[in-house]
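Asks: So I've got this file, data-v1.pdb, and it contains PDB, C-alpha atoms, pLDDT in the B column:
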```pdb
ATOM      1  CA  MET A   1      66.060   2.004 -54.224  1.00 87.00           C
ATOM      2  CA  PRO A   2      63.410  -0.627 -54.994  1.00 92.00           C
ATOM      3  CA  VAL A   3      60.049  -0.318 -53.212  1.00 95.00           C
ATOM      4  CA  LYS A   4      56.966  -2.477 -53.497  1.00 96.00           C
ATOM      5  CA  VAL A   5      53.594  -1.094 -54.642  1.00 97.00           C
ATOM      6  CA  VAL A   6      50.573  -3.280 -53.861  1.00 97.00           C
ATOM      7  CA  ILE A   7      47.918  -3.178 -56.601  1.00 97.00           C
ATOM      8  CA  PRO A   8      44.216  -3.634 -55.698  1.00 96.00           C
ATOM      9  CA  THR A   9      42.159  -6.166 -57.695  1.00 95.00           C
ATOM     10  CA  PRO A  10      40.314  -3.642 -59.975  1.00 94.00           C
ATOM     11  CA  LEU A  11      43.617  -2.219 -61.222  1.00 95.00           C
ATOM     12  CA  ARG A  12      45.421  -5.514 -61.856  1.00 95.00           C
ATOM     13  CA  GLN A  13      43.964  -5.651 -65.356  1.00 93.00           C
ATOM     14  CA  TYR A  14      46.310  -2.723 -66.125  1.00 94.00           C
ATOM     15  CA  THR A  15      49.443  -4.264 -64.563  1.00 96.00           C
ATOM     16  CA  GLY A  16      49.478  -7.534 -66.476  1.00 95.00           C
ATOM     17  CA  LYS A  17      47.580  -9.184 -63.575  1.00 94.00           C
ATOM     18  CA  SER A  18      50.414  -8.512 -61.105  1.00 95.00           C
ATOM     19  CA  ASP A  19      49.251  -7.950 -57.541  1.00 94.00           C
ATOM     20  CA  SER A  20      52.398  -5.999 -56.692  1.00 96.00           C
ATOM     21  CA  VAL A  21      55.028  -4.143 -58.668  1.00 97.00           C
ATOM     22  CA  GLU A  22      58.566  -3.113 -57.703  1.00 96.00           C
ATOM     23  CA  VAL A  23      59.686   0.368 -58.701  1.00 96.00           C
ATOM     24  CA  GLU A  24      62.781   2.477 -58.087  1.00 95.00           C
ATOM     25  CA  ALA A  25      61.860   5.517 -55.992  1.00 96.00           C
ATOM     26  CA  LYS A  26      62.873   7.791 -53.138  1.00 97.00           C
ATOM     27  CA  THR A  27      59.445   9.375 -52.647  1.00 97.00           C
ATOM     28  CA  VAL A  28      55.818   8.304 -53.048  1.00 97.00           C
ATOM     29  CA  GLY A  29      55.465  10.674 -56.013  1.00 95.00           C
ATOM     30  CA  GLU A  30      58.407   9.021 -57.767  1.00 96.00           C
ATOM     31  CA  ALA A  31      57.023   5.559 -57.065  1.00 97.00           C
ATOM     32  CA  LEU A  32      53.615   6.389 -58.573  1.00 96.00           C
ATOM     33  CA  ALA A  33      55.238   8.135 -61.540  1.00 95.00           C
ATOM     34  CA  GLY A  34      57.395   5.049 -62.125  1.00 96.00           C
ATOM     35  CA  LEU A  35      54.360   2.806 -61.883  1.00 97.00           C
ATOM     36  CA  THR A  36      52.209   4.832 -64.299  1.00 96.00           C
ATOM     37  CA  SER A  37      55.024   5.245 -66.834  1.00 95.00           C
ATOM     38  CA  ARG A  38      55.386   1.457 -66.913  1.00 96.00           C
ATOM     39  CA  PHE A  39      51.605   0.844 -67.006  1.00 97.00           C
ATOM     40  CA  SER A  40      50.179   3.914 -68.730  1.00 94.00           C
ATOM     41  CA  ASP A  41      46.532   2.755 -68.581  1.00 91.00           C
ATOM     42  CA  LEU A  42      46.711   3.102 -64.797  1.00 93.00           C
ATOM     43  CA  ARG A  43      47.167   6.849 -65.033  1.00 92.00           C
ATOM     44  CA  LYS A  44      43.516   7.765 -65.694  1.00 85.00           C
ATOM     45  CA  HIS A  45      42.357   5.712 -62.721  1.00 87.00           C
ATOM     46  CA  LEU A  46      44.807   7.314 -60.303  1.00 92.00           C
ATOM     47  CA  TYR A  47      45.036  10.929 -61.494  1.00 90.00           C
ATOM     48  CA  ASN A  48      42.454  13.517 -62.572  1.00 85.00           C
ATOM     49  CA  ASP A  49      42.762  15.753 -65.657  1.00 86.00           C
ATOM     50  CA  GLU A  50      44.891  18.238 -63.686  1.00 91.00           C
ATOM     51  CA  GLY A  51      47.410  15.512 -62.859  1.00 87.00           C
ATOM     52  CA  LYS A  52      46.398  15.370 -59.171  1.00 89.00           C
ATOM     53  CA  LEU A  53      45.671  12.121 -57.337  1.00 90.00           C
ATOM     54  CA  ARG A  54      41.912  11.470 -57.449  1.00 87.00           C
ATOM     55  CA  SER A  55      40.111  12.130 -54.161  1.00 83.00           C
ATOM     56  CA  PHE A  56      38.849   8.544 -54.002  1.00 84.00           C
ATOM     57  CA  VAL A  57      42.323   7.053 -54.361  1.00 93.00           C
ATOM     58  CA  ASN A  58      44.011   6.482 -51.011  1.00 95.00           C
ATOM     59  CA  VAL A  59      47.744   5.871 -50.916  1.00 97.00           C
ATOM     60  CA  TYR A  60      49.290   4.314 -47.850  1.00 97.00           C
ATOM     61  CA  VAL A  61      52.937   3.867 -46.904  1.00 98.00           C
ATOM     62  CA  ASN A  62      52.785   0.860 -44.606  1.00 96.00           C
ATOM     63  CA  ASP A  63      49.881   1.859 -42.260  1.00 96.00           C
ATOM     64  CA  GLU A  64      50.020   5.623 -42.872  1.00 96.00           C
ATOM     65  CA  ASP A  65      47.829   7.637 -45.243  1.00 96.00           C
ATOM     66  CA  ILE A  66      50.104   9.955 -47.289  1.00 96.00           C
ATOM     67  CA  ARG A  67      47.498  12.756 -46.884  1.00 93.00           C
ATOM     68  CA  PHE A  68      48.668  12.983 -43.273  1.00 94.00           C
ATOM     69  CA  LEU A  69      52.379  12.564 -44.107  1.00 96.00           C
ATOM     70  CA  GLN A  70      54.016  14.661 -46.838  1.00 96.00           C
ATOM     71  CA  LYS A  71      51.689  13.569 -49.663  1.00 94.00           C
ATOM     72  CA  ASP A  72      53.657  13.042 -52.922  1.00 93.00           C
ATOM     73  CA  GLN A  73      56.840  14.184 -51.204  1.00 96.00           C
ATOM     74  CA  THR A  74      56.653  11.466 -48.521  1.00 97.00           C
ATOM     75  CA  PRO A  75      60.145   9.923 -48.372  1.00 97.00           C
ATOM     76  CA  LEU A  76      60.557   6.156 -48.651  1.00 97.00           C
ATOM     77  CA  THR A  77      62.971   3.662 -47.160  1.00 94.00           C
ATOM     78  CA  GLU A  78      63.815   0.304 -48.621  1.00 88.00           C
ATOM     79  CA  SER A  79      61.420  -1.888 -46.650  1.00 87.00           C
ATOM     80  CA  ASP A  80      58.422   0.417 -47.193  1.00 94.00           C
ATOM     81  CA  ILE A  81      55.330  -0.988 -48.834  1.00 96.00           C
ATOM     82  CA  ILE A  82      53.056   1.374 -50.743  1.00 98.00           C
ATOM     83  CA  SER A  83      49.405   0.332 -51.003  1.00 98.00           C
ATOM     84  CA  ILE A  84      46.866   1.820 -53.385  1.00 97.00           C
ATOM     85  CA  VAL A  85      43.570   1.583 -51.498  1.00 96.00           C
ATOM     86  CA  PRO A  86      40.430   2.381 -53.505  1.00 94.00           C
ATOM     87  CA  SER A  87      37.948   4.518 -51.565  1.00 92.00           C
ATOM     88  CA  ILE A  88      34.751   2.531 -51.187  1.00 93.00           C
ATOM     89  CA  ALA A  89      31.766   4.821 -50.803  1.00 90.00           C
ATOM     90  CA  GLY A  90      28.170   4.915 -51.891  1.00 87.00           C
ATOM     91  CA  GLY A  91      24.643   5.621 -50.870  1.00 83.00           C
ATOM     92  CA  SER A  92      21.020   5.377 -51.733  1.00 82.00           C
ATOM     93  CA  THR A  93      19.726   8.781 -52.795  1.00 68.00           C
ATOM     94  CA  THR A  94      19.396  10.189 -56.310  1.00 49.00           C
ATOM     95  CA  CYS A  95      18.245   6.853 -57.722  1.00 41.00           C
ATOM     96  CA  CYS A  96      18.498   5.429 -60.450  1.00 39.00           C
ATOM     97  CA  ILE A  97      20.978   5.236 -63.261  1.00 37.00           C
ATOM     98  CA  CYS A  98      21.182   1.534 -63.920  1.00 36.00           C
ATOM     99  CA  SER A  99      21.241   0.374 -67.495  1.00 31.00           C
TER     100      SER A  99
ATOM    101  CA  MET X 100      30.981 -11.311 -65.082  1.00 90.00           C
ATOM    102  CA  SER X 101      28.988 -13.253 -62.487  1.00 96.00           C
ATOM    103  CA  ILE X 102      29.152 -13.624 -58.719  1.00 98.00           C
ATOM    104  CA  LYS X 103      28.253 -16.612 -56.579  1.00 97.00           C
ATOM    105  CA  LEU X 104      27.241 -16.354 -52.918  1.00 97.00           C
ATOM    106  CA  LYS X 105      26.571 -19.229 -50.529  1.00 96.00           C
ATOM    107  CA  ALA X 106      23.465 -19.379 -48.337  1.00 95.00           C
ATOM    108  CA  ASP X 107      25.363 -18.612 -45.110  1.00 94.00           C
ATOM    109  CA  GLN X 108      27.001 -15.503 -46.672  1.00 96.00           C
ATOM    110  CA  LEU X 109      23.615 -14.305 -47.897  1.00 96.00           C
ATOM    111  CA  GLU X 110      22.227 -14.808 -44.394  1.00 96.00           C
ATOM    112  CA  ALA X 111      25.181 -12.910 -42.867  1.00 96.00           C
ATOM    113  CA  ILE X 112      24.615  -9.920 -45.198  1.00 98.00           C
ATOM    114  CA  HIS X 113      20.865  -9.941 -44.489  1.00 97.00           C
ATOM    115  CA  SER X 114      21.339  -9.911 -40.734  1.00 97.00           C
ATOM    116  CA  HIS X 115      24.076  -7.250 -40.912  1.00 97.00           C
ATOM    117  CA  ALA X 116      21.809  -4.969 -42.964  1.00 97.00           C
ATOM    118  CA  GLU X 117      18.801  -5.520 -40.665  1.00 98.00           C
ATOM    119  CA  ARG X 118      20.928  -4.899 -37.563  1.00 97.00           C
ATOM    120  CA  GLU X 119      22.204  -1.579 -38.926  1.00 95.00           C
ATOM    121  CA  TYR X 120      18.805  -0.381 -40.206  1.00 96.00           C
ATOM    122  CA  PRO X 121      17.896   2.524 -40.598  1.00 93.00           C
ATOM    123  CA  ASN X 122      21.596   3.186 -41.298  1.00 92.00           C
ATOM    124  CA  GLU X 123      23.459   1.831 -44.297  1.00 91.00           C
ATOM    125  CA  CYS X 124      25.692  -1.151 -43.666  1.00 94.00           C
ATOM    126  CA  CYS X 125      28.723  -2.127 -45.737  1.00 94.00           C
ATOM    127  CA  GLY X 126      31.175  -4.970 -46.029  1.00 97.00           C
ATOM    128  CA  MET X 127      33.800  -6.683 -48.135  1.00 97.00           C
ATOM    129  CA  LEU X 128      33.426  -9.774 -50.324  1.00 98.00           C
ATOM    130  CA  LEU X 129      36.463 -12.068 -50.379  1.00 98.00           C
ATOM    131  CA  GLY X 130      37.046 -15.092 -52.553  1.00 97.00           C
ATOM    132  CA  HIS X 131      38.445 -16.197 -55.879  1.00 96.00           C
ATOM    133  CA  ALA X 132      37.888 -15.051 -59.454  1.00 95.00           C
ATOM    134  CA  GLU X 133      38.292 -17.520 -62.311  1.00 92.00           C
ATOM    135  CA  GLY X 134      38.060 -15.531 -65.526  1.00 86.00           C
ATOM    136  CA  ALA X 135      34.722 -13.702 -65.370  1.00 87.00           C
ATOM    137  CA  ALA X 136      33.285 -15.877 -62.587  1.00 96.00           C
ATOM    138  CA  LYS X 137      33.664 -14.702 -59.003  1.00 97.00           C
ATOM    139  CA  ALA X 138      33.029 -17.080 -56.115  1.00 97.00           C
ATOM    140  CA  VAL X 139      32.633 -15.477 -52.686  1.00 97.00           C
ATOM    141  CA  SER X 140      34.030 -17.428 -49.758  1.00 95.00           C
ATOM    142  CA  GLU X 141      33.642 -14.774 -47.035  1.00 96.00           C
ATOM    143  CA  ALA X 142      31.474 -11.696 -46.478  1.00 97.00           C
ATOM    144  CA  VAL X 143      33.248  -9.466 -43.944  1.00 97.00           C
ATOM    145  CA  PRO X 144      31.136  -6.785 -42.207  1.00 97.00           C
ATOM    146  CA  LEU X 145      32.914  -3.424 -41.961  1.00 96.00           C
ATOM    147  CA  LYS X 146      32.088  -0.239 -40.076  1.00 93.00           C
ATOM    148  CA  ASN X 147      30.283   2.599 -41.856  1.00 92.00           C
ATOM    149  CA  LEU X 148      32.762   5.425 -41.277  1.00 92.00           C
ATOM    150  CA  ARG X 149      29.991   7.984 -41.906  1.00 90.00           C
ATOM    151  CA  LEU X 150      29.028   7.305 -38.262  1.00 89.00           C
ATOM    152  CA  ASP X 151      32.333   9.047 -37.413  1.00 90.00           C
ATOM    153  CA  SER X 152      31.474  12.133 -39.409  1.00 88.00           C
ATOM    154  CA  ALA X 153      34.578  14.192 -38.556  1.00 88.00           C
ATOM    155  CA  ARG X 154      36.982  11.534 -39.808  1.00 88.00           C
ATOM    156  CA  ALA X 155      34.805  10.611 -42.793  1.00 90.00           C
ATOM    157  CA  GLN X 156      34.578  14.254 -43.825  1.00 88.00           C
ATOM    158  CA  GLU X 157      38.374  14.506 -43.676  1.00 86.00           C
ATOM    159  CA  LEU X 158      38.796  11.516 -46.007  1.00 86.00           C
ATOM    160  CA  LEU X 159      35.952  12.034 -48.497  1.00 86.00           C
ATOM    161  CA  PRO X 160      33.916  15.200 -47.862  1.00 86.00           C
ATOM    162  CA  LEU X 161      30.153  15.150 -48.428  1.00 87.00           C
ATOM    163  CA  ALA X 162      28.886  17.908 -50.705  1.00 84.00           C
ATOM    164  CA  ASP X 163      25.738  18.484 -48.646  1.00 84.00           C
ATOM    165  CA  PRO X 164      26.162  17.230 -45.055  1.00 83.00           C
ATOM    166  CA  GLY X 165      22.691  18.607 -44.206  1.00 81.00           C
ATOM    167  CA  ARG X 166      21.032  16.023 -46.448  1.00 84.00           C
ATOM    168  CA  GLU X 167      23.707  13.336 -46.510  1.00 86.00           C
ATOM    169  CA  SER X 168      24.442  11.144 -43.485  1.00 84.00           C
ATOM    170  CA  GLU X 169      25.014   7.544 -42.392  1.00 86.00           C
ATOM    171  CA  LYS X 170      21.351   6.912 -43.339  1.00 85.00           C
ATOM    172  CA  ASN X 171      22.023   7.395 -47.043  1.00 87.00           C
ATOM    173  CA  ARG X 172      25.815   7.309 -47.364  1.00 88.00           C
ATOM    174  CA  PHE X 173      28.534   4.858 -46.455  1.00 88.00           C
ATOM    175  CA  LEU X 174      32.288   5.077 -46.498  1.00 93.00           C
ATOM    176  CA  ILE X 175      34.670   2.288 -45.582  1.00 94.00           C
ATOM    177  CA  ASP X 176      37.652   3.154 -43.410  1.00 94.00           C
ATOM    178  CA  PRO X 177      40.598   2.696 -45.805  1.00 95.00           C
ATOM    179  CA  LEU X 178      42.898   1.555 -43.005  1.00 95.00           C
ATOM    180  CA  GLU X 179      40.428  -1.131 -41.882  1.00 95.00           C
ATOM    181  CA  GLN X 180      40.056  -2.098 -45.554  1.00 96.00           C
ATOM    182  CA  LEU X 181      43.839  -2.296 -45.988  1.00 96.00           C
ATOM    183  CA  ARG X 182      44.222  -4.497 -42.902  1.00 96.00           C
ATOM    184  CA  VAL X 183      41.425  -6.883 -43.849  1.00 96.00           C
ATOM    185  CA  GLU X 184      42.776  -7.105 -47.403  1.00 95.00           C
ATOM    186  CA  ARG X 185      46.303  -7.787 -46.139  1.00 95.00           C
ATOM    187  CA  GLU X 186      45.046 -10.628 -43.914  1.00 96.00           C
ATOM    188  CA  ALA X 187      43.014 -12.003 -46.828  1.00 96.00           C
ATOM    189  CA  ARG X 188      46.057 -12.096 -49.100  1.00 94.00           C
ATOM    190  CA  LYS X 189      47.893 -14.238 -46.585  1.00 94.00           C
ATOM    191  CA  ARG X 190      45.068 -16.745 -47.004  1.00 96.00           C
ATOM    192  CA  ASP X 191      45.233 -16.407 -50.795  1.00 95.00           C
ATOM    193  CA  LEU X 192      41.861 -14.613 -50.980  1.00 97.00           C
ATOM    194  CA  ASP X 193      41.175 -11.587 -53.186  1.00 96.00           C
ATOM    195  CA  VAL X 194      38.749  -8.712 -52.743  1.00 97.00           C
ATOM    196  CA  LEU X 195      35.965  -9.391 -55.257  1.00 97.00           C
ATOM    197  CA  GLY X 196      33.786  -6.449 -54.335  1.00 97.00           C
ATOM    198  CA  TYR X 197      31.691  -4.840 -51.636  1.00 96.00           C
ATOM    199  CA  TYR X 198      28.140  -4.968 -50.368  1.00 96.00           C
ATOM    200  CA  HIS X 199      26.008  -2.210 -48.915  1.00 94.00           C
ATOM    201  CA  SER X 200      22.374  -1.713 -47.964  1.00 94.00           C
ATOM    202  CA  HIS X 201      19.808   0.771 -49.199  1.00 93.00           C
ATOM    203  CA  PRO X 202      17.424   1.358 -46.270  1.00 93.00           C
ATOM    204  CA  ASP X 203      13.909   1.934 -47.662  1.00 94.00           C
ATOM    205  CA  HIS X 204      15.283   2.367 -51.167  1.00 93.00           C
ATOM    206  CA  PRO X 205      15.387  -0.027 -54.113  1.00 93.00           C
ATOM    207  CA  ALA X 206      18.437  -2.248 -54.724  1.00 94.00           C
ATOM    208  CA  ARG X 207      19.564  -0.009 -57.582  1.00 93.00           C
ATOM    209  CA  PRO X 208      22.812   1.968 -57.700  1.00 92.00           C
ATOM    210  CA  SER X 209      22.558   5.737 -57.328  1.00 88.00           C
ATOM    211  CA  ASN X 210      24.545   8.362 -59.220  1.00 87.00           C
ATOM    212  CA  TYR X 211      26.559   8.739 -56.035  1.00 85.00           C
ATOM    213  CA  ASP X 212      27.349   5.001 -56.130  1.00 86.00           C
ATOM    214  CA  ARG X 213      28.513   5.314 -59.732  1.00 87.00           C
ATOM    215  CA  ASP X 214      30.672   8.387 -59.108  1.00 83.00           C
ATOM    216  CA  HIS X 215      32.565   6.476 -56.430  1.00 86.00           C
ATOM    217  CA  ALA X 216      32.722   3.052 -58.067  1.00 89.00           C
ATOM    218  CA  TRP X 217      35.728   1.172 -59.395  1.00 91.00           C
ATOM    219  CA  PRO X 218      35.825  -1.088 -62.427  1.00 90.00           C
ATOM    220  CA  TRP X 219      35.772  -4.868 -62.004  1.00 94.00           C
ATOM    221  CA  TYR X 220      34.530  -4.925 -58.391  1.00 96.00           C
ATOM    222  CA  SER X 221      31.073  -6.355 -57.726  1.00 97.00           C
ATOM    223  CA  TYR X 222      28.797  -3.885 -55.947  1.00 96.00           C
ATOM    224  CA  VAL X 223      26.154  -5.945 -54.193  1.00 96.00           C
ATOM    225  CA  ILE X 224      23.188  -3.864 -53.002  1.00 95.00           C
ATOM    226  CA  LEU X 225      20.558  -5.089 -50.560  1.00 96.00           C
ATOM    227  CA  SER X 226      17.323  -3.187 -50.171  1.00 96.00           C
ATOM    228  CA  VAL X 227      15.984  -3.127 -46.583  1.00 96.00           C
ATOM    229  CA  GLU X 228      12.293  -2.258 -46.426  1.00 96.00           C
ATOM    230  CA  HIS X 229      10.955  -1.246 -42.989  1.00 96.00           C
ATOM    231  CA  GLY X 230      13.819  -3.128 -41.332  1.00 97.00           C
ATOM    232  CA  LYS X 231      13.446  -6.362 -43.322  1.00 98.00           C
ATOM    233  CA  ALA X 232      15.979  -7.507 -45.956  1.00 97.00           C
ATOM    234  CA  SER X 233      14.388  -7.480 -49.390  1.00 97.00           C
ATOM    235  CA  GLU X 234      15.757  -7.544 -52.957  1.00 96.00           C
ATOM    236  CA  MET X 235      19.496  -8.118 -53.558  1.00 97.00           C
ATOM    237  CA  THR X 236      21.281  -7.241 -56.795  1.00 97.00           C
ATOM    238  CA  SER X 237      24.900  -7.046 -57.985  1.00 97.00           C
ATOM    239  CA  TRP X 238      26.392  -4.446 -60.326  1.00 96.00           C
ATOM    240  CA  VAL X 239      29.644  -3.865 -62.200  1.00 96.00           C
ATOM    241  CA  LEU X 240      30.741  -0.445 -63.446  1.00 93.00           C
ATOM    242  CA  SER X 241      31.055  -0.157 -67.220  1.00 90.00           C
ATOM    243  CA  GLU X 242      34.566   0.442 -68.620  1.00 82.00           C
ATOM    244  CA  ASP X 243      33.722   4.070 -69.573  1.00 81.00           C
ATOM    245  CA  ARG X 244      32.170   4.709 -66.112  1.00 81.00           C
ATOM    246  CA  SER X 245      28.891   5.822 -67.742  1.00 87.00           C
ATOM    247  CA  HIS X 246      26.641   3.210 -66.090  1.00 92.00           C
ATOM    248  CA  PHE X 247      26.445   0.012 -64.086  1.00 94.00           C
ATOM    249  CA  ASP X 248      25.661  -3.332 -65.669  1.00 96.00           C
ATOM    250  CA  LEU X 249      23.549  -5.790 -63.719  1.00 96.00           C
ATOM    251  CA  GLU X 250      25.717  -8.796 -62.859  1.00 97.00           C
ATOM    252  CA  PRO X 251      24.172 -12.265 -62.530  1.00 97.00           C
ATOM    253  CA  LEU X 252      24.031 -13.128 -58.824  1.00 96.00           C
ATOM    254  CA  LYS X 253      24.071 -16.886 -58.281  1.00 95.00           C
ATOM    255  CA  LEU X 254      23.047 -18.473 -55.043  1.00 89.00           C
TER     256      LEU X 254
END
```
What is this structure when it is put down as structure tokens?
Replies:
Amino acid sequence: MPVKVVIPTPLRQYTGKSDSVEVEAKTVGEALAGLTSRFSDLRKHLYNDEGKLRSFVNVYVNDEDIRFLQKDQTPLTESDIISIVPSIAGGSTTCCICS
Amino acid sequence: MSIKLKADQLEAIHSHAEREYPNECCGMLLGHAEGAAKAVSEAVPLKNLRLDSARAQELLPLADPGRESEKNRFLIDPLEQLRVEREARKRDLDVLGYYHSHPDHPARPSNYDRDHAWPWYSYVILSVEHGKASEMTSWVLSEDRSHFDLEPLKL
């Protein structure tokens, strides 16, 4: 079943500039595996060395965060849209590391 | 890479940062990128989710909540981000990066900023000294994530 994965701007350089990609999948885990096998450079930005999704990568199915659904096992239906949403965080202490 | 801001966007970021002082403010920069040149057409103020500490902690826990708070940390609500980004796409606008303020700290990225940064995005930082907007800089994470490079900020 084809589902759409929406790619945020910083990761489009790894998907041949596409802003969304269609993959065949029944679960979120399958969709992300399909995506990263097609665009292998994406893997290091989405997963840590243990193969787990990085804590600052949010994955949404429509308007729901998969952390509060069934994570990787979250089932998909045909009209679902998966969005990769980069966590945006920062702060001012422990200055400075600029080049 | 370079980023171009118009006077009214600069003014909007200044007043947002001064309004939120002594807390950190944050927002999204929308516009178009042509090769390495980014042109901002809208600066959208967003809520600092650190003000809702229970929800923020659930999404991205702070290592030391005793010393870290909305005064020196920001986190954007991913659902708000997703919705604003979705609306922007309908108007053919892309997310070029984000801005945030450093209350009573220089406009330089911290290690914490780097640990949570993404490649390509512009990270615009505005220093707010004693409640008044001061220096503004823009930074892009290096490919190997080891440091930020200063990005020319054109006005």
Asks: Atom CA of Asn147 of chain X and atom CA of Cys125 of chain X, how far apart in Å?
Replies: 6.3 Å
Asks: Would you kindly translate the PyMOL selection byres ((chain X) within 7 of (chain A)) into the concrete residues it picks from this file, as JSON, numbers by chain?
Replies: {"X": [171, 172, 173, 174, 175, 177, 181, 194, 201, 204, 207, 208, 209, 210, 211, 212, 215, 217, 218, 219, 220, 246, 247, 248]}
Asks: Just to be explicit: take each residue in the selection above, keep C-alpha atoms, and write the result as a short mmCIF file (atom, residue, chain, number, x, y, z; two decimals), keeping the file's coordinate frame.
Replies:
```cif
data_model
loop_
_atom_site.label_atom_id
_atom_site.label_comp_id
_atom_site.auth_asym_id
_atom_site.auth_seq_id
_atom_site.Cartn_x
_atom_site.Cartn_y
_atom_site.Cartn_z
CA ASN X 171 22.02 7.40 -47.04
CA ARG X 172 25.82 7.31 -47.36
CA PHE X 173 28.53 4.86 -46.46
CA LEU X 174 32.29 5.08 -46.50
CA ILE X 175 34.67 2.29 -45.58
CA PRO X 177 40.60 2.70 -45.80
CA LEU X 181 43.84 -2.30 -45.99
CA VAL X 194 38.75 -8.71 -52.74
CA HIS X 201 19.81 0.77 -49.20
CA HIS X 204 15.28 2.37 -51.17
CA ARG X 207 19.56 -0.01 -57.58
CA PRO X 208 22.81 1.97 -57.70
CA SER X 209 22.56 5.74 -57.33
CA ASN X 210 24.54 8.36 -59.22
CA TYR X 211 26.56 8.74 -56.04
CA ASP X 212 27.35 5.00 -56.13
CA HIS X 215 32.56 6.48 -56.43
CA TRP X 217 35.73 1.17 -59.40
CA PRO X 218 35.83 -1.09 -62.43
CA TRP X 219 35.77 -4.87 -62.00
CA TYR X 220 34.53 -4.92 -58.39
CA HIS X 246 26.64 3.21 -66.09
CA PHE X 247 26.44 0.01 -64.09
CA ASP X 248 25.66 -3.33 -65.67
#
```
Asks: What separation in Å, quoted to one decimal, exists between atom CA of Leu46 of chain A and atom CA of Ala25 of chain A?
Replies: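 So the two atoms, atom CA of Leu46 of chain A and atom CA of Ala25 of chain A, lie 17.7 Å apart.
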Asks: Quote the spacing between atom CA of Glu133 of chain X and atom CA of Arg190 of chain X in Å to one decimal place.
Replies: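 Computing it gives 16.8 Å between the two atoms.
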Asks: Measuring between all atoms listed in the file, which one of X:Glu141, X:Leu252, X:Leu129, X:Ala136 shows the shortest distance to Ala111 of chain X?
Replies: X:Glu141
Asks: Step by step, work through what the PyMOL selection byres ((chain A and resi 39) around 12) selects in the shown file, and finish by giving those residues as number ranges by chain.
Replies: A: 7, 11-18, 21, 23, 32-38, 40-46
